[in-house]
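A.B. asks: Just dropping this structure here.
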Amino acid sequence: MPRSLEGQITMEKTPSYFVTREAPRRIHAMSPDTKLIVVVRNPVTRAISDYAQTLSKTPGLPSFRALAFRRGLGPVDTAWSAVRIGLYAQHLARWLRYFPLSRFLFVSGERLVSDPAGELGRVQDFLGLKRVVSDKHFYFNATKGFPCLKKAQGSGRPRCLGKSKGRPHPRVPEAVVQRLRAFYRPFNLKFYQMTGQDFGWD
Ligand SMILES: Nc1ncnc2c1ncn2[C@@H]1O[C@H](COP(=O)(O)OS(=O)(=O)O)[C@@H](OP(=O)(O)O)[C@H]1O
């Protein structure tokens with residue numbers, strides 16, 4: 001991590017930190033004052049998104065259903081990373097051994113799409129920054145189906161996130177989605193209790 005000078009903030013983004021066993025201890029040892037921002041979305045949609053990303057790199061991958069359940073439609077396979085990563089309460093419990101809840105900001109992945117300026121307002125407040133980014137910086141790009149920046153910094157052109165963000169998801173049978181939804185429900189409720197935030201996934 002580069003050092004920050006007075007008045008600067010160093011930011012680092014690695015999605016796997018949240019689910020990496022050694023990360024809380026190491027980050028705490030580096031700086032116990034670190035502020036932690038976690039973007040979470042419905043774990044069922046997250047698992048399908050994760051699968052879509054793997055599928056795009058691994059044609060011929062077994063179906064989502066075959067990977068999500070053991071022995072056909074047996075128990076949910078929590079050893080599959082696309083499923084395991086969505087057990088947010090379990091991951092957070094490991095972090096809370098090192099950092100108090102006040103060090104965390106939980107950003108709703110759903111609201112990041114429906115109200116990007118609102119979620120980024122919370123991020124700016126959490127980091128103690130002046131609210132510079134606001135509604136006027138975003139527009140909804142109907143082709144992409146997501147909000148984009150009206151102008152990228154240092155350029156006069158609008159800027160959307162790349163092709164790997166906001167991909168179409170493969171169709172997953174409704175029964176599979178329902179089973180996973182039921183599987184995640186208690187973990188989601190626990191996560192809402194731990195964070196004091198209801199993400200509305202149920
Ligand atoms: N503005 C905007 N444009 C495009 N995509 C957006 C945006 N805001 C949030 N998202 C959501 O970001 C999801 C991809 O992020 P990832 O978590 O895969 O990113 S990362 O690879 O872990 O860095 C991506 O998930 P998928 O839709 O499943 O591709 C989007 O839902």
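Chain labels follow the order of the structure tokens: the first chain is A, the next B, and so on; residue numbering restarts at 1 in every chain, and ligands are counted from 1 in their shown order.
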Using only C-alpha atoms, which residues sit within 10 Å of segment 30-32 of chain A once same-chain residues fewer than 4 positions away are excluded, as a PyMOL selection string?
C.D. replies: chain A and resi 1+24-26+98-100+103
A.B. asks: List as a PDB file with all heavy atoms, in the first residue's frame the protein and nucleic acid residues lying within 7 Å of ligand 1, with only C-alpha atoms and all ligand atoms counted.
C.D. replies:
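The resulting pocket12.pdb:
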ATOM      1  N   PRO A  15     -11.948  -7.345  -4.241  1.00  0.00           N
ATOM      2  CA  PRO A  15     -13.171  -8.005  -3.768  1.00  0.00           C
ATOM      3  C   PRO A  15     -12.898  -9.218  -2.869  1.00  0.00           C
ATOM      4  O   PRO A  15     -13.638  -9.455  -1.918  1.00  0.00           O
ATOM      5  CB  PRO A  15     -13.874  -8.428  -5.062  1.00  0.00           C
ATOM      6  CG  PRO A  15     -13.350  -7.493  -6.108  1.00  0.00           C
ATOM      7  CD  PRO A  15     -11.944  -7.175  -5.703  1.00  0.00           C
ATOM      8  N   ARG A  46     -25.766 -12.576  -6.818  1.00  0.00           N
ATOM      9  CA  ARG A  46     -24.294 -12.546  -6.798  1.00  0.00           C
ATOM     10  C   ARG A  46     -23.707 -13.861  -7.306  1.00  0.00           C
ATOM     11  O   ARG A  46     -22.769 -13.876  -8.110  1.00  0.00           O
ATOM     12  CB  ARG A  46     -23.790 -12.279  -5.362  1.00  0.00           C
ATOM     13  CG  ARG A  46     -22.444 -11.562  -5.298  1.00  0.00           C
ATOM     14  CD  ARG A  46     -21.598 -12.048  -4.134  1.00  0.00           C
ATOM     15  NE  ARG A  46     -21.123 -13.381  -4.424  1.00  0.00           N
ATOM     16  CZ  ARG A  46     -20.058 -13.637  -5.196  1.00  0.00           C
ATOM     17  NH1 ARG A  46     -19.335 -12.676  -5.716  1.00  0.00           N
ATOM     18  NH2 ARG A  46     -19.698 -14.887  -5.459  1.00  0.00           N
ATOM     19  N   SER A  49     -24.193 -14.075 -11.009  1.00  0.00           N
ATOM     20  CA  SER A  49     -23.252 -13.156 -11.648  1.00  0.00           C
ATOM     21  C   SER A  49     -21.843 -13.767 -11.666  1.00  0.00           C
ATOM     22  O   SER A  49     -21.130 -13.705 -12.679  1.00  0.00           O
ATOM     23  CB  SER A  49     -23.247 -11.831 -10.874  1.00  0.00           C
ATOM     24  OG  SER A  49     -22.209 -11.015 -11.310  1.00  0.00           O
ATOM     25  N   ASP A  50     -21.459 -14.355 -10.559  1.00  0.00           N
ATOM     26  CA  ASP A  50     -20.161 -15.011 -10.420  1.00  0.00           C
ATOM     27  C   ASP A  50     -20.049 -16.131 -11.458  1.00  0.00           C
ATOM     28  O   ASP A  50     -19.043 -16.254 -12.180  1.00  0.00           O
ATOM     29  CB  ASP A  50     -20.092 -15.589  -8.988  1.00  0.00           C
ATOM     30  CG  ASP A  50     -18.692 -15.962  -8.561  1.00  0.00           C
ATOM     31  OD1 ASP A  50     -17.943 -16.454  -9.401  1.00  0.00           O
ATOM     32  OD2 ASP A  50     -18.374 -15.790  -7.369  1.00  0.00           O
ATOM     33  N   GLY A 109     -25.369  -3.109  -3.301  1.00  0.00           N
ATOM     34  CA  GLY A 109     -25.114  -3.249  -4.737  1.00  0.00           C
ATOM     35  C   GLY A 109     -26.334  -2.883  -5.552  1.00  0.00           C
ATOM     36  O   GLY A 109     -26.211  -2.325  -6.651  1.00  0.00           O
ATOM     37  N   LEU A 112     -26.633   0.882  -5.569  1.00  0.00           N
ATOM     38  CA  LEU A 112     -25.539   1.446  -6.377  1.00  0.00           C
ATOM     39  C   LEU A 112     -25.977   1.572  -7.841  1.00  0.00           C
ATOM     40  O   LEU A 112     -25.507   2.435  -8.563  1.00  0.00           O
ATOM     41  CB  LEU A 112     -24.316   0.519  -6.276  1.00  0.00           C
ATOM     42  CG  LEU A 112     -22.927   1.099  -6.467  1.00  0.00           C
ATOM     43  CD1 LEU A 112     -22.686   2.326  -5.628  1.00  0.00           C
ATOM     44  CD2 LEU A 112     -21.882   0.036  -6.175  1.00  0.00           C
ATOM     45  N   VAL A 113     -26.897   0.701  -8.247  1.00  0.00           N
ATOM     46  CA  VAL A 113     -27.431   0.758  -9.613  1.00  0.00           C
ATOM     47  C   VAL A 113     -28.648   1.690  -9.677  1.00  0.00           C
ATOM     48  O   VAL A 113     -28.749   2.530 -10.567  1.00  0.00           O
ATOM     49  CB  VAL A 113     -27.799  -0.663 -10.106  1.00  0.00           C
ATOM     50  CG1 VAL A 113     -28.443  -0.612 -11.486  1.00  0.00           C
ATOM     51  CG2 VAL A 113     -26.569  -1.554 -10.124  1.00  0.00           C
ATOM     52  N   PHE A 146     -27.531   0.517 -17.238  1.00  0.00           N
ATOM     53  CA  PHE A 146     -26.902   0.881 -15.956  1.00  0.00           C
ATOM     54  C   PHE A 146     -26.595   2.375 -15.957  1.00  0.00           C
ATOM     55  O   PHE A 146     -26.483   2.985 -17.024  1.00  0.00           O
ATOM     56  CB  PHE A 146     -25.589   0.109 -15.772  1.00  0.00           C
ATOM     57  CG  PHE A 146     -25.798  -1.315 -15.366  1.00  0.00           C
ATOM     58  CD1 PHE A 146     -25.895  -2.320 -16.327  1.00  0.00           C
ATOM     59  CD2 PHE A 146     -25.919  -1.665 -14.027  1.00  0.00           C
ATOM     60  CE1 PHE A 146     -26.101  -3.637 -15.952  1.00  0.00           C
ATOM     61  CE2 PHE A 146     -26.121  -2.977 -13.648  1.00  0.00           C
ATOM     62  CZ  PHE A 146     -26.212  -3.968 -14.603  1.00  0.00           C
ATOM     63  N   PRO A 147     -26.391   2.926 -14.763  1.00  0.00           N
ATOM     64  CA  PRO A 147     -25.946   4.323 -14.737  1.00  0.00           C
ATOM     65  C   PRO A 147     -24.511   4.432 -15.235  1.00  0.00           C
ATOM     66  O   PRO A 147     -23.711   3.506 -15.055  1.00  0.00           O
ATOM     67  CB  PRO A 147     -26.041   4.704 -13.249  1.00  0.00           C
ATOM     68  CG  PRO A 147     -26.068   3.431 -12.499  1.00  0.00           C
ATOM     69  CD  PRO A 147     -26.564   2.359 -13.419  1.00  0.00           C
ATOM     70  N   CYS A 148     -24.222   5.528 -15.872  1.00  0.00           N
ATOM     71  CA  CYS A 148     -22.857   5.817 -16.333  1.00  0.00           C
ATOM     72  C   CYS A 148     -22.507   7.235 -15.902  1.00  0.00           C
ATOM     73  O   CYS A 148     -23.394   8.025 -15.576  1.00  0.00           O
ATOM     74  CB  CYS A 148     -22.779   5.719 -17.856  1.00  0.00           C
ATOM     75  SG  CYS A 148     -23.154   4.070 -18.482  1.00  0.00           S
ATOM     76  N   CYS A 160     -19.024   4.649 -19.236  1.00  0.00           N
ATOM     77  CA  CYS A 160     -19.714   3.538 -18.573  1.00  0.00           C
ATOM     78  C   CYS A 160     -18.661   2.543 -18.098  1.00  0.00           C
ATOM     79  O   CYS A 160     -17.534   2.558 -18.588  1.00  0.00           O
ATOM     80  CB  CYS A 160     -20.634   2.819 -19.553  1.00  0.00           C
ATOM     81  SG  CYS A 160     -21.979   3.844 -20.162  1.00  0.00           S
ATOM     82  N   LEU A 161     -19.045   1.655 -17.178  1.00  0.00           N
ATOM     83  CA  LEU A 161     -18.132   0.579 -16.792  1.00  0.00           C
ATOM     84  C   LEU A 161     -17.983  -0.379 -17.976  1.00  0.00           C
ATOM     85  O   LEU A 161     -18.822  -0.394 -18.877  1.00  0.00           O
ATOM     86  CB  LEU A 161     -18.653  -0.153 -15.550  1.00  0.00           C
ATOM     87  CG  LEU A 161     -18.616   0.662 -14.251  1.00  0.00           C
ATOM     88  CD1 LEU A 161     -19.154  -0.167 -13.089  1.00  0.00           C
ATOM     89  CD2 LEU A 161     -17.196   1.119 -13.933  1.00  0.00           C
ATOM     90  N   SER A 164     -17.383  -6.294 -18.879  1.00  0.00           N
ATOM     91  CA  SER A 164     -17.477  -7.368 -17.877  1.00  0.00           C
ATOM     92  C   SER A 164     -18.361  -6.956 -16.701  1.00  0.00           C
ATOM     93  O   SER A 164     -18.605  -7.742 -15.793  1.00  0.00           O
ATOM     94  CB  SER A 164     -16.084  -7.756 -17.391  1.00  0.00           C
ATOM     95  OG  SER A 164     -15.526  -6.676 -16.689  1.00  0.00           O
ATOM     96  N   LYS A 165     -18.839  -5.708 -16.686  1.00  0.00           N
ATOM     97  CA  LYS A 165     -19.756  -5.262 -15.621  1.00  0.00           C
ATOM     98  C   LYS A 165     -21.126  -5.044 -16.246  1.00  0.00           C
ATOM     99  O   LYS A 165     -21.253  -4.268 -17.193  1.00  0.00           O
ATOM    100  CB  LYS A 165     -19.298  -3.939 -14.987  1.00  0.00           C
ATOM    101  CG  LYS A 165     -17.842  -3.849 -14.685  1.00  0.00           C
ATOM    102  CD  LYS A 165     -17.480  -4.525 -13.391  1.00  0.00           C
ATOM    103  CE  LYS A 165     -15.974  -4.526 -13.227  1.00  0.00           C
ATOM    104  NZ  LYS A 165     -15.448  -5.623 -12.475  1.00  0.00           N
ATOM    105  N   GLY A 166     -22.094  -5.740 -15.699  1.00  0.00           N
ATOM    106  CA  GLY A 166     -23.445  -5.622 -16.244  1.00  0.00           C
ATOM    107  C   GLY A 166     -23.656  -6.555 -17.417  1.00  0.00           C
ATOM    108  O   GLY A 166     -24.311  -6.201 -18.396  1.00  0.00           O
ATOM    109  N   ARG A 167     -23.109  -7.773 -17.298  1.00  0.00           N
ATOM    110  CA  ARG A 167     -23.309  -8.781 -18.353  1.00  0.00           C
ATOM    111  C   ARG A 167     -24.702  -9.377 -18.230  1.00  0.00           C
ATOM    112  O   ARG A 167     -25.258  -9.444 -17.132  1.00  0.00           O
ATOM    113  CB  ARG A 167     -22.339  -9.969 -18.157  1.00  0.00           C
ATOM    114  CG  ARG A 167     -20.907  -9.650 -18.256  1.00  0.00           C
ATOM    115  CD  ARG A 167     -20.157 -10.705 -17.491  1.00  0.00           C
ATOM    116  NE  ARG A 167     -20.450 -10.528 -16.056  1.00  0.00           N
ATOM    117  CZ  ARG A 167     -19.534 -10.466 -15.133  1.00  0.00           C
ATOM    118  NH1 ARG A 167     -18.289 -10.605 -15.439  1.00  0.00           N
ATOM    119  NH2 ARG A 167     -19.847 -10.283 -13.859  1.00  0.00           N
ATOM    120  N   PRO A 168     -25.211  -9.914 -19.354  1.00  0.00           N
ATOM    121  CA  PRO A 168     -26.468 -10.660 -19.215  1.00  0.00           C
ATOM    122  C   PRO A 168     -26.207 -11.915 -18.378  1.00  0.00           C
ATOM    123  O   PRO A 168     -25.137 -12.523 -18.488  1.00  0.00           O
ATOM    124  CB  PRO A 168     -26.830 -11.033 -20.657  1.00  0.00           C
ATOM    125  CG  PRO A 168     -25.698 -10.613 -21.523  1.00  0.00           C
ATOM    126  CD  PRO A 168     -24.699  -9.850 -20.715  1.00  0.00           C
ATOM    127  N   HIS A 169     -27.157 -12.270 -17.542  1.00  0.00           N
ATOM    128  CA  HIS A 169     -27.018 -13.479 -16.721  1.00  0.00           C
ATOM    129  C   HIS A 169     -27.655 -14.668 -17.436  1.00  0.00           C
ATOM    130  O   HIS A 169     -28.653 -14.499 -18.129  1.00  0.00           O
ATOM    131  CB  HIS A 169     -27.705 -13.276 -15.365  1.00  0.00           C
ATOM    132  CG  HIS A 169     -26.966 -12.356 -14.464  1.00  0.00           C
ATOM    133  ND1 HIS A 169     -27.387 -12.046 -13.190  1.00  0.00           N
ATOM    134  CD2 HIS A 169     -25.810 -11.661 -14.657  1.00  0.00           C
ATOM    135  CE1 HIS A 169     -26.509 -11.206 -12.635  1.00  0.00           C
ATOM    136  NE2 HIS A 169     -25.570 -10.954 -13.508  1.00  0.00           N
TER     137      HIS A 169
END
A.B. asks: Give me, as a PyMOL selection string, all polymer residues having an atom no more than 12 Å from Lys13 of chain A, counting only C-alpha atoms and skipping those fewer than 3 positions away in the same chain.
C.D. replies: chain A and resi 1+10+16-18+35-39
A.B. asks: Limited to N, CA and C atoms, could you put the picked residues into a file as a PDB file, in the first residue's frame?
C.D. replies:
ATOM      1  N   MET A   1       0.846  -1.206   0.000  1.00  0.00           N
ATOM      2  CA  MET A   1       0.000   0.000   0.000  1.00  0.00           C
ATOM      3  C   MET A   1       0.874   1.247   0.000  1.00  0.00           C
ATOM      4  N   THR A  10      -5.496   6.863   0.934  1.00  0.00           N
ATOM      5  CA  THR A  10      -5.102   5.767   0.043  1.00  0.00           C
ATOM      6  C   THR A  10      -6.247   4.771  -0.011  1.00  0.00           C
ATOM      7  N   SER A  16     -11.799  -9.950  -3.139  1.00  0.00           N
ATOM      8  CA  SER A  16     -11.597 -11.193  -2.381  1.00  0.00           C
ATOM      9  C   SER A  16     -11.167 -10.959  -0.929  1.00  0.00           C
ATOM     10  N   TYR A  17     -10.754  -9.741  -0.570  1.00  0.00           N
ATOM     11  CA  TYR A  17     -10.360  -9.513   0.822  1.00  0.00           C
ATOM     12  C   TYR A  17     -11.467  -9.942   1.790  1.00  0.00           C
ATOM     13  N   PHE A  18     -12.693  -9.587   1.458  1.00  0.00           N
ATOM     14  CA  PHE A  18     -13.798  -9.822   2.401  1.00  0.00           C
ATOM     15  C   PHE A  18     -13.909 -11.301   2.780  1.00  0.00           C
ATOM     16  N   LYS A  35     -10.470   2.185   7.163  1.00  0.00           N
ATOM     17  CA  LYS A  35     -11.923   2.168   6.963  1.00  0.00           C
ATOM     18  C   LYS A  35     -12.231   1.112   5.905  1.00  0.00           C
ATOM     19  N   LEU A  36     -13.274   0.370   6.133  1.00  0.00           N
ATOM     20  CA  LEU A  36     -13.571  -0.777   5.269  1.00  0.00           C
ATOM     21  C   LEU A  36     -14.925  -0.593   4.591  1.00  0.00           C
ATOM     22  N   ILE A  37     -14.929  -0.655   3.284  1.00  0.00           N
ATOM     23  CA  ILE A  37     -16.176  -0.502   2.522  1.00  0.00           C
ATOM     24  C   ILE A  37     -16.492  -1.845   1.863  1.00  0.00           C
ATOM     25  N   VAL A  38     -17.684  -2.350   2.124  1.00  0.00           N
ATOM     26  CA  VAL A  38     -18.078  -3.654   1.574  1.00  0.00           C
ATOM     27  C   VAL A  38     -19.326  -3.455   0.719  1.00  0.00           C
ATOM     28  N   VAL A  39     -19.222  -3.815  -0.553  1.00  0.00           N
ATOM     29  CA  VAL A  39     -20.394  -3.728  -1.441  1.00  0.00           C
ATOM     30  C   VAL A  39     -21.036  -5.109  -1.488  1.00  0.00           C
TER      31      VAL A  39
END
A.B. asks: For atom CA of Thr58 of chain A and atom CA of Val40 of chain A, determine how far apart the two atoms are, in Å to one decimal place.
C.D. replies: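 Between atom CA of Thr58 of chain A and atom CA of Val40 of chain A the gap works out to 24.9 Å.
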A.B. asks: From a DSSP calculation on the backbone, collect every residue of segment 95-147 of chain A in strand (DSSP E or B) and output the set as a PyMOL selection string.
C.D. replies: chain A and resi 104-108+138-141+146-147
A.B. asks: With DSSP run on the backbone, what are the alpha helix (DSSP H) residues within segment 100-194 of chain A? I'd like them as a VMD selection string.
C.D. replies: chain A and resid 109 to 114 116 to 126 174 to 194
